[in-house]
>>> print(open('input_24.cif').read())   # mmCIF, C-alpha atoms and all ligand atoms
data_model
loop_
_atom_site.label_atom_id
_atom_site.label_comp_id
_atom_site.auth_asym_id
_atom_site.auth_seq_id
_atom_site.Cartn_x
_atom_site.Cartn_y
_atom_site.Cartn_z
CA MET A 1 97.57 52.35 151.22
CA LEU A 2 94.32 51.71 152.97
CA ALA A 3 93.15 48.29 154.01
CA HIS A 4 89.55 48.99 153.16
CA GLY A 5 89.68 52.39 151.55
CA LEU A 6 88.80 55.61 153.30
CA GLY A 7 85.17 55.20 152.53
CA GLY A 8 85.46 51.86 154.29
CA ASP A 9 86.37 51.18 157.76
CA VAL A 10 89.66 51.22 159.48
CA LEU A 11 92.96 52.82 158.53
CA PRO A 12 95.77 50.25 158.56
CA VAL A 13 97.95 52.36 160.86
CA HIS A 14 96.49 54.40 163.67
CA PRO A 15 99.11 55.80 165.99
CA ARG A 16 97.89 56.55 169.48
CA SER A 17 97.90 60.16 170.50
CA ARG A 18 100.89 61.24 172.57
CA PRO A 19 100.54 62.67 176.08
CA ASP A 20 98.55 65.93 175.87
CA GLU A 21 98.48 65.76 172.05
CA LEU A 22 96.07 68.09 170.28
CA LEU A 23 93.47 66.63 167.90
CA SER A 24 94.83 68.40 164.81
CA SER A 25 98.36 67.22 165.59
CA TRP A 26 97.19 63.62 165.88
CA LEU A 27 95.29 64.04 162.61
CA VAL A 28 98.49 65.10 160.86
CA ARG A 29 100.41 62.13 162.28
CA LEU A 30 97.56 59.79 161.37
CA ALA A 31 97.65 60.87 157.73
CA ARG A 32 101.42 60.64 157.54
CA ALA A 33 101.54 57.22 159.20
CA ASN A 34 99.15 56.00 156.50
CA ARG A 35 101.14 57.70 153.75
CA ILE A 36 98.28 59.88 152.64
CA LYS A 37 98.28 63.63 152.50
CA VAL A 38 96.69 65.38 155.46
CA HIS A 39 94.72 67.34 152.97
CA ALA A 40 93.40 64.18 151.29
CA LEU A 41 92.50 62.57 154.58
CA CYS A 42 90.57 65.67 155.61
CA ALA A 43 88.77 65.88 152.27
CA ARG A 44 87.56 62.31 152.76
CA LEU A 45 86.70 62.91 156.39
CA GLY A 46 84.66 65.98 155.68
CA GLY A 47 83.24 65.32 152.23
CA ASN A 48 83.83 67.51 149.23
CA MET A 49 83.82 70.75 151.15
CA ALA A 50 86.48 69.49 153.53
CA PRO A 51 85.78 72.15 156.14
CA VAL A 52 88.61 71.03 158.35
CA TRP A 53 91.50 73.45 158.16
CA ASN A 54 89.47 76.58 157.57
CA ARG A 55 88.05 76.40 161.07
CA ASP A 56 89.45 75.75 164.50
CA ILE A 57 88.65 72.03 164.72
CA ASP A 58 90.43 71.68 168.04
CA ARG A 59 88.16 74.22 169.69
CA MET A 60 84.94 73.40 167.88
CA ALA A 61 85.43 69.63 167.87
CA PRO A 62 82.67 68.94 165.32
CA SER A 63 80.92 65.69 166.23
CA TRP A 64 80.88 64.46 162.62
CA LEU A 65 84.68 64.68 162.56
CA ILE A 66 85.12 62.88 165.85
CA GLU A 67 82.74 60.12 164.90
CA ARG A 68 84.33 59.66 161.50
CA LEU A 69 87.78 59.49 163.06
CA SER A 70 86.50 57.01 165.57
CA THR A 71 85.29 54.78 162.73
CA LEU A 72 88.57 55.11 160.84
CA THR A 73 90.82 54.39 163.80
CA GLY A 74 88.77 52.16 166.06
CA ARG A 75 89.32 54.57 168.96
CA SER A 76 86.35 55.64 171.02
CA SER A 77 84.75 59.04 170.41
CA GLU A 78 85.32 59.92 174.08
CA GLU A 79 89.03 59.27 173.76
CA ILE A 80 89.23 61.46 170.66
CA TYR A 81 87.13 64.21 172.25
CA GLN A 82 89.67 64.35 175.09
CA THR A 83 92.28 65.63 172.62
CA THR A 84 90.16 68.72 171.87
CA LEU A 85 90.09 72.17 173.39
CA ALA A 86 86.33 71.83 173.71
CA ASP A 87 86.96 69.15 176.34
CA LEU A 88 89.33 71.50 178.14
CA ALA A 89 86.87 74.41 177.92
CA ASP A 90 84.12 72.22 179.38
CA LYS A 91 86.25 71.80 182.47
CA ILE A 92 87.52 75.32 183.01
CA ASP A 93 85.08 77.69 181.37
CA THR A 94 81.41 77.45 182.08
CA ASP A 95 80.71 80.19 179.53
CA HIS A 96 82.13 78.21 176.63
CA HIS A 97 80.27 78.70 173.35
CA PRO A 98 81.13 76.27 170.57
CA ASN A 99 81.07 78.99 167.92
CA GLY A 100 82.33 81.90 169.94
CA ASN A 101 85.49 82.73 171.77
CA SER A 102 86.36 80.69 174.80
CA THR A 103 87.82 82.10 177.96
CA TRP A 104 91.42 80.92 178.48
CA ILE A 105 91.67 79.39 174.98
CA LEU A 106 93.90 81.25 172.53
CA PRO A 107 92.12 82.30 169.31
CA LEU A 108 93.68 81.39 165.96
CA GLY A 109 91.92 84.07 163.92
CA ILE A 110 91.39 81.74 160.98
CA TRP A 111 90.82 83.31 157.58
CA HIS A 112 90.63 80.64 154.90
CA ARG A 113 93.58 78.49 155.82
CA GLN A 114 95.65 81.21 157.32
CA ARG A 115 96.11 81.87 161.00
CA LEU A 116 96.05 85.61 161.55
CA LYS A 117 96.58 85.47 165.28
CA PHE A 118 99.33 83.87 167.29
CA GLY A 119 97.10 81.39 169.07
CA LEU A 120 99.45 78.42 169.12
CA GLN A 121 102.39 78.51 171.46
CA PHE A 122 105.21 75.97 171.48
CA CYS A 123 108.21 74.96 173.52
CA PRO A 124 111.29 74.73 171.28
CA ILE A 125 113.00 72.26 173.62
CA CYS A 126 109.99 69.90 173.56
CA LEU A 127 109.98 70.03 169.75
CA ARG A 128 113.72 69.44 169.67
CA THR A 129 113.69 66.49 172.05
CA ASP A 130 110.53 64.73 170.80
CA GLU A 131 111.30 61.60 168.83
CA ASP A 132 108.40 62.48 166.56
CA PRO A 133 107.52 66.14 167.23
CA TYR A 134 103.89 66.83 168.02
CA ILE A 135 101.69 69.70 169.22
CA ARG A 136 100.38 69.80 172.79
CA ARG A 137 96.85 70.74 173.76
CA SER A 138 98.21 72.87 176.63
CA TRP A 139 99.97 75.09 174.09
CA ARG A 140 96.59 76.62 173.18
CA LEU A 141 95.79 77.42 176.80
CA ALA A 142 96.24 81.15 177.46
CA PHE A 143 97.74 80.88 180.94
CA TYR A 144 100.05 78.01 180.02
CA THR A 145 102.94 80.30 179.17
CA GLU A 146 105.84 78.26 180.50
CA CYS A 147 106.79 74.69 179.57
CA GLU A 148 106.17 72.43 182.53
CA HIS A 149 109.13 70.23 181.56
CA HIS A 150 111.75 72.80 180.62
CA HIS A 151 110.54 75.89 182.51
CA THR A 152 111.17 78.17 179.56
CA LEU A 153 108.67 80.68 178.22
CA LEU A 154 106.77 79.38 175.23
CA LEU A 155 107.03 81.07 171.84
CA ASP A 156 104.05 81.97 169.67
CA ARG A 157 105.77 82.60 166.35
CA CYS A 158 108.72 81.53 164.25
CA PRO A 159 111.76 83.64 165.25
CA SER A 160 113.03 83.56 161.69
CA CYS A 161 109.99 84.70 159.65
CA GLY A 162 107.68 85.96 162.43
CA LYS A 163 104.70 83.84 161.33
CA ALA A 164 102.44 81.57 163.38
CA HIS A 165 103.38 77.88 163.35
CA ALA A 166 101.24 76.10 160.73
CA TYR A 167 102.30 72.52 161.45
CA PHE A 168 99.62 71.03 159.17
CA ARG A 169 100.80 72.92 156.10
CA GLY A 170 104.12 71.18 155.51
CA GLU A 171 102.97 69.39 152.38
CA LEU A 172 100.54 71.91 150.90
CA GLY A 173 101.50 73.24 147.52
CA ASP A 174 103.14 70.01 146.46
CA ARG A 175 100.44 67.83 145.00
CA ASP A 176 102.45 64.63 145.01
CA ALA A 177 104.24 65.01 148.29
CA VAL A 178 103.20 62.65 151.01
CA ARG A 179 106.44 62.91 152.90
CA ALA A 180 106.41 66.13 154.84
CA PRO A 181 108.85 67.74 157.24
CA SER A 182 108.41 67.15 160.92
CA MET A 183 106.04 69.30 162.95
CA ALA A 184 109.11 71.07 164.37
CA ILE A 185 109.76 72.81 161.04
CA CYS A 186 108.23 76.20 160.18
CA SER A 187 106.18 75.60 157.04
CA HIS A 188 106.66 79.20 155.91
CA CYS A 189 110.44 79.47 155.96
CA GLY A 190 111.80 76.03 156.85
CA PHE A 191 113.39 77.14 160.14
CA ASP A 192 113.75 74.34 162.68
CA LEU A 193 111.68 75.66 165.60
CA GLY A 194 113.44 73.21 167.89
CA PHE A 195 116.41 75.56 167.71
CA ALA A 196 114.50 78.74 168.48
CA PRO A 197 116.00 80.57 171.47
CA ALA A 198 114.09 79.96 174.69
CA ASP A 199 113.91 82.47 177.54
CA ARG A 200 113.23 81.92 181.21
CA PHE A 201 111.14 84.07 183.47
CA GLU A 202 111.96 84.06 187.19
CA TRP A 203 109.54 85.17 189.90
CA PRO A 204 111.35 86.90 192.77
CA ASP A 205 110.64 84.21 195.38
CA TRP A 206 110.10 80.46 195.41
CA GLN A 207 106.63 80.69 196.99
CA THR A 208 105.32 82.62 194.00
CA THR A 209 107.16 80.33 191.57
CA VAL A 210 105.58 77.25 193.14
CA ALA A 211 102.11 78.83 193.32
CA VAL A 212 102.20 79.95 189.67
CA ARG A 213 103.48 76.61 188.40
CA THR A 214 100.92 74.67 190.43
CA LEU A 215 98.09 76.48 188.67
CA GLN A 216 99.71 76.72 185.25
CA PHE A 217 100.40 73.03 185.09
CA MET A 218 97.27 71.60 186.70
CA ASN A 219 96.03 68.92 184.42
CA ASP A 220 92.82 67.47 185.67
CA PHE A 221 91.11 70.74 186.62
CA GLY A 222 89.21 68.98 189.36
CA TRP A 223 90.99 70.51 192.33
CA SER A 224 93.82 72.95 192.75
CA ILE A 225 95.98 74.47 195.45
CA LEU A 226 96.77 78.09 196.15
CA GLY A 227 98.46 79.53 199.19
CA GLY A 228 98.36 76.16 200.97
CA LYS A 229 94.56 75.87 200.54
CA THR A 230 92.88 73.24 198.42
CA TYR A 231 89.97 74.11 196.15
CA GLU A 232 87.49 71.50 195.08
CA LYS A 233 87.00 73.09 191.68
CA SER A 234 89.78 74.70 189.68
CA ALA A 235 87.10 76.57 187.74
CA ASP A 236 86.36 78.61 190.90
CA ILE A 237 89.90 79.80 191.37
CA LEU A 238 90.19 80.50 187.65
CA LEU A 239 87.08 82.70 187.80
CA VAL A 240 88.65 84.74 190.60
CA LEU A 241 91.97 85.00 188.75
CA ARG A 242 90.03 86.17 185.71
CA ARG A 243 88.36 88.99 187.64
CA VAL A 244 91.67 90.05 189.14
CA ILE A 245 93.40 90.01 185.73
CA THR A 246 90.58 92.07 184.21
CA ILE A 247 91.12 94.73 186.87
CA LEU A 248 94.93 94.57 186.68
CA SER A 249 94.68 95.34 182.96
CA SER A 250 91.69 97.68 183.13
CA PRO A 251 91.80 100.98 181.19
CA THR A 252 89.94 102.71 184.08
CA LYS A 253 91.67 104.08 187.16
CA ASP A 254 91.05 100.73 188.86
CA GLY A 255 93.88 99.48 186.65
CA GLN A 256 96.27 101.16 189.08
CA LEU A 257 96.04 97.85 190.89
CA TYR A 258 98.65 96.67 188.36
CA ASP A 259 101.14 99.25 189.60
CA ALA A 260 100.34 98.59 193.25
CA VAL A 261 101.03 94.86 192.79
CA ALA A 262 104.03 95.24 190.46
CA ASP A 263 105.64 97.73 192.82
CA GLN A 264 105.50 95.17 195.62
CA ILE A 265 106.78 92.28 193.53
CA TRP A 266 109.48 94.26 191.72
CA PRO A 267 110.37 97.29 193.89
CA GLN A 268 113.41 97.98 191.68
CA GLY A 269 111.17 98.62 188.66
CA TYR A 270 108.73 96.71 186.49
CA ASP A 271 107.43 96.38 182.94
CA LEU A 272 104.27 98.23 181.99
CA LEU A 273 101.48 96.66 179.96
CA GLY A 274 101.59 97.41 176.23
CA SER A 275 97.90 98.27 176.22
CA ARG A 276 95.02 98.56 178.65
CA GLY A 277 91.66 96.84 178.27
CA GLU A 278 92.96 94.26 175.78
CA PRO A 279 91.40 90.82 176.37
CA TYR A 280 93.78 88.41 178.09
CA GLU A 281 93.78 85.87 175.25
CA ARG A 282 94.96 88.50 172.75
CA ARG A 283 98.04 89.48 174.66
CA GLY A 284 101.53 88.17 174.00
CA VAL A 285 103.14 85.35 175.96
CA ALA A 286 105.16 87.61 178.29
CA GLU A 287 102.18 89.75 179.34
CA ARG A 288 99.91 86.75 179.85
CA ASN A 289 102.59 85.14 181.95
CA ARG A 290 103.06 88.27 184.03
CA LEU A 291 99.35 88.97 184.58
CA PHE A 292 98.52 85.41 185.59
CA GLY A 293 101.40 85.31 188.08
CA MET A 294 100.57 88.75 189.50
CA ALA A 295 96.96 87.68 190.11
CA ILE A 296 98.19 84.56 191.89
CA TRP A 297 100.65 86.58 193.97
CA LEU A 298 97.80 88.87 195.03
CA LEU A 299 95.66 85.97 196.25
CA GLN A 300 98.39 84.49 198.42
CA GLU A 301 98.50 85.36 202.14
CA TRP A 302 94.80 85.99 201.71
CA PRO A 303 93.40 88.49 202.37
CA GLN A 304 96.24 90.77 203.61
CA ARG A 305 98.04 91.28 200.30
CA PHE A 306 94.80 91.77 198.47
CA GLU A 307 93.48 94.32 200.96
CA THR A 308 96.76 96.25 201.05
CA CYS A 309 97.00 96.55 197.25
CA VAL A 310 93.29 97.33 196.77
CA GLN A 311 93.69 100.14 199.29
CA ILE A 312 96.89 101.54 197.72
CA ALA A 313 95.31 101.51 194.24
CA ASP A 314 91.94 102.74 195.51
CA VAL A 315 90.05 100.14 193.46
CA ARG A 316 86.26 100.17 193.53
CA ARG A 317 85.43 96.96 195.38
CA SER A 318 82.19 96.54 193.47
CA TYR A 319 84.22 96.26 190.25
CA PHE A 320 85.46 92.83 191.38
CA LEU A 321 81.87 91.61 191.41
CA SER A 322 80.55 93.34 188.32
CA GLN A 323 80.61 90.23 186.13
CA ALA A 324 79.96 86.58 186.84
CA SER A 325 79.37 87.45 190.49
CA SER A 326 76.84 84.67 190.92
CA ARG A 327 79.51 82.17 189.93
CA LEU A 328 82.35 83.59 192.01
CA PRO A 329 83.19 81.51 195.10
CA THR A 330 81.77 82.59 198.43
CA TRP A 331 85.15 83.20 200.12
CA PHE A 332 85.97 85.82 197.49
CA VAL A 333 82.56 87.49 197.36
CA SER A 334 82.30 87.74 201.15
CA GLN A 335 85.77 89.31 201.40
CA ILE A 336 84.89 91.89 198.75
CA ARG A 337 81.62 92.69 200.49
CA GLY A 338 83.41 92.96 203.81
CA ASP A 339 81.56 90.13 205.52
CA HIS A 340 84.85 89.17 207.25
CA ARG A 341 83.94 85.58 207.71
CA PRO A 342 86.65 83.57 209.42
CA ALA A 343 88.71 81.22 207.22
CA ALA A 344 86.94 82.78 204.28
CA MET A 345 89.33 81.34 201.74
CA SER A 346 88.44 77.67 201.95
CA SER A 347 85.86 76.55 199.43
CA GLN A 348 85.43 73.22 201.13
ZN ZN B 401 109.33 71.94 176.80
ZN ZN B 402 109.43 80.67 159.77
#
>>> encode(input="input_24.cif", output="structure tokens")
Amino acid sequence: MLAHGLGGDVLPVHPRSRPDELLSSWLVRLARANRIKVHALCARLGGNMAPVWNRDIDRMAPSWLIERLSTLTGRSSEEIYQTTLADLADKIDTDHHPNGNSTWILPLGIWHRQRLKFGLQFCPICLRTDEDPYIRRSWRLAFYTECEHHHTLLLDRCPSCGKAHAYFRGELGDRDAVRAPSMAICSHCGFDLGFAPADRFEWPDWQTTVAVRTLQFMNDFGWSILGGKTYEKSADILLVLRRVITILSSPTKDGQLYDAVADQIWPQGYDLLGSRGEPYERRGVAERNRLFGMAIWLLQEWPQRFETCVQIADVRRSYFLSQASSRLPTWFVSQIRGDHRPAAMSSQ
């Protein structure tokens, strides 16, 4: 029941969003707390066309939706915006386009209400141990491949039916149902995702483990640390990692950098990439995890490791600067160009 009706002002119950909760997850909990169907809430939020679930609202964060939610819940628009991926993209990706793909954000591949791509990851143990399971914003971040609490690799599909997790669909198809299963349940087959098997991935040494986790789990994106150095802007280090990942996975001969790095990290043998030239965000969890960590490994002990591997793989140095070079940090550009400035790594 609504105190003033949906056309009116404030919903009687408006649960606060949980730590790192994604907008769409909060929307589902908001509807359920008020005993209305998610579907009905969205129809009223968006008018008759209800263009909510047939687009990626978390990434696009339409202002009409945020303002309407602000009116209905009494929470500020800024607070609601902070639950979106658009807010995240603002901080880490200066090339973010509201209607296009965003670097580091996993695409959902929405077609009507279906998700054709596996753009939402989840940690089964988080879902199992949550009092009221909810979806984290970090789970849509492409390099966030391990749970920061449980250190297990995330999953991107239901292990029982193989489909993407559609946590907002629990009640669709049943016109009268307001009660819906928890967001830990696969809406396609009913499997409890909290009991999905979780794997761990171990880097061969603690220095790499710490360096990878520090960057994977950064949460304010203001500054970050790599190889004992502090960077004022995480976006800078992410730009460099992006260039390195592009070359590690390149279909050209420069992609031999992958083998040069992997051979040093795993001299006993290593996994190959399933495909070359595939964009990072379209790869599976294991490959994204591996590529991100390999790029970080390469930037440690700067610049010795980097120079050794670039030489072994015979990579064209200019390739590192072929895109976004004006935005790449000076320490990286000057090393590539061979300026050999002392203490080139510090951006401060
Ligand atoms: Zn977890
Ligand atoms: Zn399933």
>>> closest_atom_pairs(input="input_24.cif", of="chain A", to="ligand ZN 402 (chain B)", cutoff="10 Å", atoms="all atoms listed in the file", output="Markdown table")
| residue | atom | partner | partner_atom | distance |
| --- | --- | --- | --- | --- |
| A:Arg157 | CA | B:ZN402 | ZN | 7.8 |
| A:Cys158 | CA | B:ZN402 | ZN | 4.6 |
| A:Pro159 | CA | B:ZN402 | ZN | 6.7 |
| A:Ser160 | CA | B:ZN402 | ZN | 5.0 |
| A:Cys161 | CA | B:ZN402 | ZN | 4.1 |
| A:Gly162 | CA | B:ZN402 | ZN | 6.2 |
| A:Lys163 | CA | B:ZN402 | ZN | 5.9 |
| A:Ala164 | CA | B:ZN402 | ZN | 7.9 |
| A:His165 | CA | B:ZN402 | ZN | 7.6 |
| A:Ala166 | CA | B:ZN402 | ZN | 9.4 |
| A:Ile185 | CA | B:ZN402 | ZN | 8.0 |
| A:Cys186 | CA | B:ZN402 | ZN | 4.6 |
| A:Ser187 | CA | B:ZN402 | ZN | 6.6 |
| A:His188 | CA | B:ZN402 | ZN | 5.0 |
| A:Cys189 | CA | B:ZN402 | ZN | 4.1 |
| A:Gly190 | CA | B:ZN402 | ZN | 6.0 |
| A:Phe191 | CA | B:ZN402 | ZN | 5.3 |
| A:Asp192 | CA | B:ZN402 | ZN | 8.2 |
| A:Leu193 | CA | B:ZN402 | ZN | 8.0 |
>>> residues_near_point(input="input_24.cif", point="(95.2, 95.1, 191.8)", cutoff="8 Å", atoms="only C-alpha atoms", output="ChimeraX atom specification")
/A:244,247-248,254-261,295,298,306,309-310,313,315
>>> write_last_selection(input="input_24.cif", atoms="C-alpha atoms", output="compact mmCIF listing (two decimals), in the coordinates of the input")
# COMPACT_ATOMS: atom_id res chain seq x y z
CA VAL A 244 91.67 90.05 189.14
CA ILE A 247 91.12 94.73 186.87
CA LEU A 248 94.93 94.57 186.68
CA ASP A 254 91.05 100.73 188.86
CA GLY A 255 93.88 99.48 186.65
CA GLN A 256 96.27 101.16 189.08
CA LEU A 257 96.04 97.85 190.89
CA TYR A 258 98.65 96.67 188.36
CA ASP A 259 101.14 99.25 189.60
CA ALA A 260 100.34 98.59 193.25
CA VAL A 261 101.03 94.86 192.79
CA ALA A 295 96.96 87.68 190.11
CA LEU A 298 97.80 88.87 195.03
CA PHE A 306 94.80 91.77 198.47
CA CYS A 309 97.00 96.55 197.25
CA VAL A 310 93.29 97.33 196.77
CA ALA A 313 95.31 101.51 194.24
CA VAL A 315 90.05 100.14 193.46
>>> atom_distance(input="input_24.cif", atom1="CA of Glu202 (chain A)", atom2="CA of Gly228 (chain A)")
20.9 Å
>>> axis_aligned_box(input="input_24.cif", around="region 124-137 of chain A", padding_each_side="4 Å", output="JSON")
{"center_x": 105.3, "center_y": 68.2, "center_z": 170.2, "size_x": 24.9, "size_y": 21.1, "size_z": 15.2}
>>> residues_near_ligand(input="input_24.cif", ligand="ligand ZN 401 (chain B)", cutoff="10 Å", atoms="only C-alpha atoms and all ligand atoms", output="compact mmCIF listing (two decimals) with C-alpha atoms, in the frame of the given file")
# COMPACT_ATOMS: atom_id res chain seq x y z
CA PHE A 122 105.21 75.97 171.48
CA CYS A 123 108.21 74.96 173.52
CA PRO A 124 111.29 74.73 171.28
CA ILE A 125 113.00 72.26 173.62
CA CYS A 126 109.99 69.90 173.56
CA LEU A 127 109.98 70.03 169.75
CA ARG A 128 113.72 69.44 169.67
CA THR A 129 113.69 66.49 172.05
CA ASP A 130 110.53 64.73 170.80
CA GLU A 146 105.84 78.26 180.50
CA CYS A 147 106.79 74.69 179.57
CA GLU A 148 106.17 72.43 182.53
CA HIS A 149 109.13 70.23 181.56
CA HIS A 150 111.75 72.80 180.62
CA HIS A 151 110.54 75.89 182.51
CA THR A 152 111.17 78.17 179.56
CA LEU A 153 108.67 80.68 178.22
CA LEU A 154 106.77 79.38 175.23
CA GLY A 194 113.44 73.21 167.89
CA ALA A 198 114.09 79.96 174.69
>>> residues_near_point(input="input_24.cif", point="(88.8, 88.4, 195.2)", cutoff="12 Å", atoms="all atoms listed in the file", output="PyMOL selection string")
chain A and resi 236-247+295-296+298-300+302-307+309-310+315+317-322+325+328-338+344-345
>>> residues_around(input="input_24.cif", residues="Asp156 (chain A)", least_positions_apart="5", cutoff="6 Å", atoms="only C-alpha atoms", output="number ranges by chain")
A: 118, 120-121
>>> closest_residue(input="input_24.cif", among="A:Gly109, A:Gly269, A:Arg18, A:Asp9", to="Arg68 (chain A)", atoms="all atoms listed in the file")
A:Asp9
>>> atom_distance(input="input_24.cif", atom1="CA of Thr214 (chain A)", atom2="CA of Arg137 (chain A)")
17.6 Å
>>> atom_distance(input="input_24.cif", atom1="CA of Arg169 (chain A)", atom2="CA of Thr83 (chain A)")
20.0 Å
>>> closest_residue(input="input_24.cif", among="A:Arg290, A:Arg283, A:His39, A:Arg29", to="Tyr270 (chain A)", atoms="all atoms listed in the file")
A:Arg290
>>> closest_residue(input="input_24.cif", among="A:Ala142, A:Cys42, A:Met218, A:Leu88", to="Tyr280 (chain A)", atoms="all atoms listed in the file")
A:Ala142
>>> closest_residue(input="input_24.cif", among="A:Val10, A:Ala235, A:Ala61, A:Leu69", to="Leu45 (chain A)", atoms="only C-alpha atoms")
A:Leu69
>>> residues_around(input="input_24.cif", residues="Tyr144 (chain A)", least_positions_apart="4", cutoff="10 Å", atoms="all atoms listed in the file", output="PyMOL selection string")
chain A and resi 104-105+121+138-140+148+153-154+213+215-218+285+288-289+292
